[in-house]
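Heads up: the structure comes next, in structure tokens.
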Amino acid sequence: MAAIDPVIDVRVQADDFDVGVELGRLEALGGGAVGSFTGIVRGGDGLIALVLEHHPVMTAKTLRQIAEEAAARWPLLGVTLIHRHGRLEPGARIVLVGTASPHRAAALEATMFLIDWLKTRAPFWKQECFADGGKTWVEARSADNAAAEKWGAAHG
Amino acid sequence: MAAIDPVIDVRVQADDFDVGVELGRLEALGGGAVGSFTGIVRGGDGLIALVLEHHPVMTAKTLRQIAEEAAARWPLLGVTLIHRHGRLEPGARIVLVGTASPHRAAALEATMFLIDWLKTRAPFWKQECFADGGKTWVEARSADNAAAEKWGAAHG
Amino acid sequence: MAIEMLYFAWVRERVGMGAERVDPPADIATVADLIGWLAGQSGGHAAAFEDAGRIRAAIDDRFVGLDAAIGGAREIALFPPVTGG
Amino acid sequence: MAIEMLYFAWVRERVGMGAERVDPPADIATVADLIGWLAGQSGGHAAAFEDAGRIRAAIDDRFVGLDAAIGGAREIALFPPVTGG
């Protein structure tokens, strides 16, 4: 797998991102197969915003490690991970995972792996803000841990 | 699974498509999770173009059936399938699969299912055109059949 | 029993046309029978249909197996295994 | 042994600050020891660290278990399980 040296692009930012532009960069790597996952703030139950807090020093480093782990497991030409922080209203994009590979299964499996690991390993915390003024820190979900654990331990 | 009536958008066209616009439509459905796969013409070995022939009456109908099958298996809010035909040069997009769901695993598994079934069930045929004037019809791959078969038979 | 035939990809190229109207004899009951009969119609047809195992079929825009009965078919498409995606 | 502490999410809110410099006694050897010691520093610290099982930690920007030794640590972050993505 280490035969390919993938283009890893990791960003932690308050601003929105352009999914078409980001996936276009991955398409241009020539692999033929591009997979993506976009996470968006879901409304309902009076939610007016999520506030995403993060550990500023660790986040980019952790995302890079997760991207490198994916590149060690699948033949990837590129991995893009973008995670927003700050206040995000319903409908706002939170996270983008994008992969490029010569193989469609590699692109999509790596995408799934990346979002599963990112959910349980990247130092972000979500607070829900409701219309009635209430605020709640989102609890970690055991289903997320189970999803991450099915990929096994880190290689590195 | 039938509780949700998904937005199914199926297109067979010669023109290119805008991945950002298409995925934006799926994001707007409010599910929170959008998955995608984009297939692109891969260059190399003197390939100058693919020519995609299709069965004009059957293609859109078949893509719709495949999308409905995915919606019967996963809780999807939306499925977008766009497949181009005609002459496509290296770097050109061929196919887009996009899904929206409340659940990230559903979005990405359905994306994988859709591209696997599309490869083995949609009536398209690829011809490779080479710089030396040679033309070759792409042979069906047993790996593609195996990938499609792992999802089992149609529900309908 | 006139049937509108459609051919795609290398089947179309070998036959030398994308569509034709045929009127097979009454004892041609299945798609496989039809393929065997078509193979005798011209050199191009023979080249297209020399190996029926490589041919896939649709009757009136529905995929069928080669053992499918063709009675009542208005249109039959013959083509190689699909390679889209 | 002065350590720069960082707190995130509800740990930060309960402690009442995002960072502080602490100087725990010499017998505080592990992250778990540190959490127990911090819990005695104020009512806010007590509320944040009443259940050590809900706390995760990083030493000098690397995730560690609560049994990790803190000797030589420059900076220690304490926070709830992550909920990004």
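Chain identifiers are assigned as A, B, and so on, following the order in which chains appear in the structure tokens; residues are numbered from 1 within each chain, and ligands are numbered from 1 in order of appearance.
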Practice item. With a distance threshold of 7 Å and counting only C-alpha atoms, extract the residues of chain A near chain B and express them as a list in words. Key: Val19, Gly20, Ala28, Gly30, Gly31, Gly32, Ala33, Val34, Gly35, Ser36, Phe37, Thr38, Gly39, Ile40, Val41, Arg42, Gly91, Leu108 and Met112 of chain A
Could you give me, as a short mmCIF file (atom, residue, chain, number, x, y, z; two decimals) with C-alpha atoms, in the first residue's frame, each residue of chain A that DSSP assigns to helix (DSSP H, G or I) when run on this structure's backbone?
```cif
data_model
loop_
_atom_site.label_atom_id
_atom_site.label_comp_id
_atom_site.auth_asym_id
_atom_site.auth_seq_id
_atom_site.Cartn_x
_atom_site.Cartn_y
_atom_site.Cartn_z
CA VAL A 19 -17.54 20.58 -1.66
CA GLY A 20 -17.34 20.82 -5.45
CA VAL A 21 -13.95 22.53 -5.34
CA GLU A 22 -12.57 20.10 -2.78
CA LEU A 23 -13.74 16.98 -4.62
CA GLY A 24 -12.53 18.53 -7.88
CA ARG A 25 -9.00 18.56 -6.44
CA LEU A 26 -9.29 14.87 -5.62
CA GLU A 27 -10.72 14.09 -9.08
CA PRO A 56 -6.42 23.98 18.70
CA VAL A 57 -2.97 22.39 18.84
CA MET A 58 -4.08 18.77 18.58
CA THR A 59 -6.84 18.84 15.99
CA ALA A 60 -4.90 19.28 12.75
CA LYS A 61 -2.23 16.87 13.97
CA THR A 62 -4.84 14.26 14.88
CA LEU A 63 -6.66 14.61 11.56
CA ARG A 64 -3.35 14.15 9.74
CA GLN A 65 -2.62 10.99 11.72
CA ILE A 66 -6.07 9.63 10.87
CA ALA A 67 -5.54 10.44 7.18
CA GLU A 68 -2.14 8.73 7.24
CA GLU A 69 -3.67 5.67 8.87
CA ALA A 70 -6.21 5.46 6.03
CA ALA A 71 -3.41 5.81 3.47
CA ALA A 72 -1.56 2.94 5.16
CA ARG A 73 -4.63 0.71 4.83
CA ARG A 104 -13.91 2.43 -5.92
CA ALA A 105 -14.08 0.06 -2.94
CA ALA A 106 -10.87 1.58 -1.52
CA ALA A 107 -12.21 5.12 -1.94
CA LEU A 108 -15.51 4.35 -0.19
CA GLU A 109 -14.18 2.06 2.53
CA ALA A 110 -11.50 4.63 3.39
CA THR A 111 -14.20 7.33 3.52
CA MET A 112 -16.19 5.26 6.00
CA PHE A 113 -13.07 4.52 8.05
CA LEU A 114 -12.07 8.19 8.13
CA ILE A 115 -15.42 9.45 9.41
CA ASP A 116 -15.64 6.62 11.97
CA TRP A 117 -12.19 7.36 13.37
CA LEU A 118 -12.65 11.10 13.18
CA LYS A 119 -15.80 10.83 15.32
CA THR A 120 -14.01 8.99 18.11
CA ARG A 121 -10.44 10.33 17.90
CA SER A 142 -21.34 3.88 22.16
CA ALA A 143 -22.47 3.18 18.57
CA ASP A 144 -19.73 5.54 17.37
CA ASN A 145 -17.15 3.70 19.45
CA ALA A 146 -18.34 0.36 18.09
CA ALA A 147 -18.15 1.70 14.51
CA ALA A 148 -14.58 2.91 15.10
CA GLU A 149 -13.50 -0.29 16.83
#
```
Least-squares superposed chain C, target chain D, every Cα, as a PDB file with C-alpha atoms, in the first residue's frame:
```pdb
ATOM      1  CA  MET C   1       6.649  20.549  38.938  1.00  0.00           C
ATOM      2  CA  ALA C   2       4.449  23.229  37.338  1.00  0.00           C
ATOM      3  CA  ILE C   3       2.059  21.941  34.672  1.00  0.00           C
ATOM      4  CA  GLU C   4      -0.004  23.953  32.243  1.00  0.00           C
ATOM      5  CA  MET C   5      -3.559  22.541  32.394  1.00  0.00           C
ATOM      6  CA  LEU C   6      -6.013  22.859  29.506  1.00  0.00           C
ATOM      7  CA  TYR C   7      -9.744  22.134  29.919  1.00  0.00           C
ATOM      8  CA  PHE C   8     -12.339  21.648  27.192  1.00  0.00           C
ATOM      9  CA  ALA C   9     -16.125  21.459  26.846  1.00  0.00           C
ATOM     10  CA  TRP C  10     -18.009  20.808  30.114  1.00  0.00           C
ATOM     11  CA  VAL C  11     -14.763  20.231  31.990  1.00  0.00           C
ATOM     12  CA  ARG C  12     -13.784  23.809  31.086  1.00  0.00           C
ATOM     13  CA  GLU C  13     -17.254  25.121  32.001  1.00  0.00           C
ATOM     14  CA  ARG C  14     -17.314  23.414  35.401  1.00  0.00           C
ATOM     15  CA  VAL C  15     -13.760  24.327  36.339  1.00  0.00           C
ATOM     16  CA  GLY C  16     -14.619  27.854  35.257  1.00  0.00           C
ATOM     17  CA  MET C  17     -11.575  28.426  33.072  1.00  0.00           C
ATOM     18  CA  GLY C  18      -9.923  27.005  29.960  1.00  0.00           C
ATOM     19  CA  ALA C  19      -6.368  26.941  31.289  1.00  0.00           C
ATOM     20  CA  GLU C  20      -4.451  27.213  34.528  1.00  0.00           C
ATOM     21  CA  ARG C  21      -0.985  26.563  35.870  1.00  0.00           C
ATOM     22  CA  VAL C  22      -0.851  23.994  38.672  1.00  0.00           C
ATOM     23  CA  ASP C  23       1.910  22.613  40.865  1.00  0.00           C
ATOM     24  CA  PRO C  24       0.747  19.255  42.271  1.00  0.00           C
ATOM     25  CA  PRO C  25       2.655  17.567  45.119  1.00  0.00           C
ATOM     26  CA  ALA C  26       5.398  15.054  44.290  1.00  0.00           C
ATOM     27  CA  ASP C  27       3.238  11.988  45.069  1.00  0.00           C
ATOM     28  CA  ILE C  28       0.866  12.799  42.167  1.00  0.00           C
ATOM     29  CA  ALA C  29       2.286  10.320  39.653  1.00  0.00           C
ATOM     30  CA  THR C  30      -0.448   9.582  37.077  1.00  0.00           C
ATOM     31  CA  VAL C  31      -3.222  11.414  35.256  1.00  0.00           C
ATOM     32  CA  ALA C  32      -5.725   9.689  37.543  1.00  0.00           C
ATOM     33  CA  ASP C  33      -3.809  10.962  40.602  1.00  0.00           C
ATOM     34  CA  LEU C  34      -3.837  14.441  39.101  1.00  0.00           C
ATOM     35  CA  ILE C  35      -7.591  14.332  38.481  1.00  0.00           C
ATOM     36  CA  GLY C  36      -8.166  13.282  42.113  1.00  0.00           C
ATOM     37  CA  TRP C  37      -5.933  16.090  43.346  1.00  0.00           C
ATOM     38  CA  LEU C  38      -7.552  18.688  41.068  1.00  0.00           C
ATOM     39  CA  ALA C  39     -11.021  17.688  42.380  1.00  0.00           C
ATOM     40  CA  GLY C  40      -9.987  19.084  45.770  1.00  0.00           C
ATOM     41  CA  GLN C  41      -8.937  22.494  44.475  1.00  0.00           C
ATOM     42  CA  SER C  42     -12.368  24.210  44.255  1.00  0.00           C
ATOM     43  CA  GLY C  43     -16.069  23.542  44.006  1.00  0.00           C
ATOM     44  CA  GLY C  44     -15.825  23.940  40.237  1.00  0.00           C
ATOM     45  CA  HIS C  45     -12.951  21.477  40.023  1.00  0.00           C
ATOM     46  CA  ALA C  46     -14.913  19.059  42.204  1.00  0.00           C
ATOM     47  CA  ALA C  47     -17.904  19.258  39.834  1.00  0.00           C
ATOM     48  CA  ALA C  48     -15.672  18.747  36.797  1.00  0.00           C
ATOM     49  CA  PHE C  49     -13.742  15.806  38.186  1.00  0.00           C
ATOM     50  CA  GLU C  50     -16.291  14.010  40.392  1.00  0.00           C
ATOM     51  CA  ASP C  51     -16.366  11.084  37.943  1.00  0.00           C
ATOM     52  CA  ALA C  52     -12.872  10.384  36.586  1.00  0.00           C
ATOM     53  CA  GLY C  53     -14.323   7.692  34.316  1.00  0.00           C
ATOM     54  CA  ARG C  54     -15.851  10.428  32.163  1.00  0.00           C
ATOM     55  CA  ILE C  55     -12.545  12.249  31.691  1.00  0.00           C
ATOM     56  CA  ARG C  56     -10.095  11.792  28.823  1.00  0.00           C
ATOM     57  CA  ALA C  57      -6.584  13.211  28.747  1.00  0.00           C
ATOM     58  CA  ALA C  58      -3.723  14.308  26.529  1.00  0.00           C
ATOM     59  CA  ILE C  59      -0.151  14.968  27.657  1.00  0.00           C
ATOM     60  CA  ASP C  60       1.810  17.403  25.495  1.00  0.00           C
ATOM     61  CA  ASP C  61      -0.770  17.016  22.714  1.00  0.00           C
ATOM     62  CA  ARG C  62      -0.863  13.205  22.705  1.00  0.00           C
ATOM     63  CA  PHE C  63      -3.865  11.234  23.903  1.00  0.00           C
ATOM     64  CA  VAL C  64      -3.029   9.081  26.944  1.00  0.00           C
ATOM     65  CA  GLY C  65      -4.853   6.755  29.321  1.00  0.00           C
ATOM     66  CA  LEU C  66      -5.633   7.851  32.874  1.00  0.00           C
ATOM     67  CA  ASP C  67      -2.892   5.525  34.096  1.00  0.00           C
ATOM     68  CA  ALA C  68      -0.239   7.483  32.178  1.00  0.00           C
ATOM     69  CA  ALA C  69       2.649   8.924  34.220  1.00  0.00           C
ATOM     70  CA  ILE C  70       2.735  12.699  34.276  1.00  0.00           C
ATOM     71  CA  GLY C  71       6.442  13.049  35.063  1.00  0.00           C
ATOM     72  CA  GLY C  72       8.025  15.499  32.660  1.00  0.00           C
ATOM     73  CA  ALA C  73       4.685  16.719  31.315  1.00  0.00           C
ATOM     74  CA  ARG C  74       4.698  20.347  30.243  1.00  0.00           C
ATOM     75  CA  GLU C  75       0.993  20.551  29.388  1.00  0.00           C
ATOM     76  CA  ILE C  76      -1.928  18.272  30.255  1.00  0.00           C
ATOM     77  CA  ALA C  77      -5.374  18.595  28.718  1.00  0.00           C
ATOM     78  CA  LEU C  78      -8.476  17.121  30.381  1.00  0.00           C
ATOM     79  CA  PHE C  79     -11.782  16.857  28.550  1.00  0.00           C
ATOM     80  CA  PRO C  80     -14.876  14.694  27.975  1.00  0.00           C
ATOM     81  CA  PRO C  81     -14.938  11.946  25.327  1.00  0.00           C
ATOM     82  CA  VAL C  82     -14.779  13.617  21.900  1.00  0.00           C
ATOM     83  CA  THR C  83     -17.939  14.214  19.849  1.00  0.00           C
ATOM     84  CA  GLY C  84     -16.753  15.668  16.537  1.00  0.00           C
ATOM     85  CA  GLY C  85     -17.517  14.540  13.014  1.00  0.00           C
TER      86      GLY C  85
END
```
Check your understanding: So which one's closest to chain C, B:Glu128, B:Glu53, B:Asp45, B:Glu89? Using only C-alpha atoms, please.
Key ->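 Of all the options, B:Glu53 lies closest to chain C.
Residues surrounding A:Gln127 within 9 Å are Ala49, Leu50, Val51, Leu52, Glu53, Trp125, Cys129, Lys135, Thr136, Trp137 and Val138 of chain A; Ala9 of chain D [only C-alpha atoms; sequence separation below 2 positions excluded].
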Review point. Using only C-alpha atoms, which residues sit within 6 Å of stretch 10-14 of chain A once same-chain residues fewer than 5 positions away are excluded, as a list in words?
Key: Thr80, Leu81, Ile82, His83, Arg84, His85 and Gly86 of chain A
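Residues surrounding A:Val7 within 8 Å are Leu77, Gly78 and Val79 of chain A [only C-alpha atoms; sequence separation below 5 positions excluded].
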Check your understanding: as a PyMOL selection string, which residues of stretch 12-148 of chain B does DSSP assign to strand (DSSP E)?
Key -> chain B and resi 12-13+33-40+47-54+78-84+86-88+93-101+124-130+135-137
Check your understanding: So what do you get for atom CA of A:Lys150 versus atom CA of A:Ser101, distance-wise?
Key ->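 Taking atom CA of A:Lys150 as the start and atom CA of A:Ser101 as the end point, the length is 22.1 Å.
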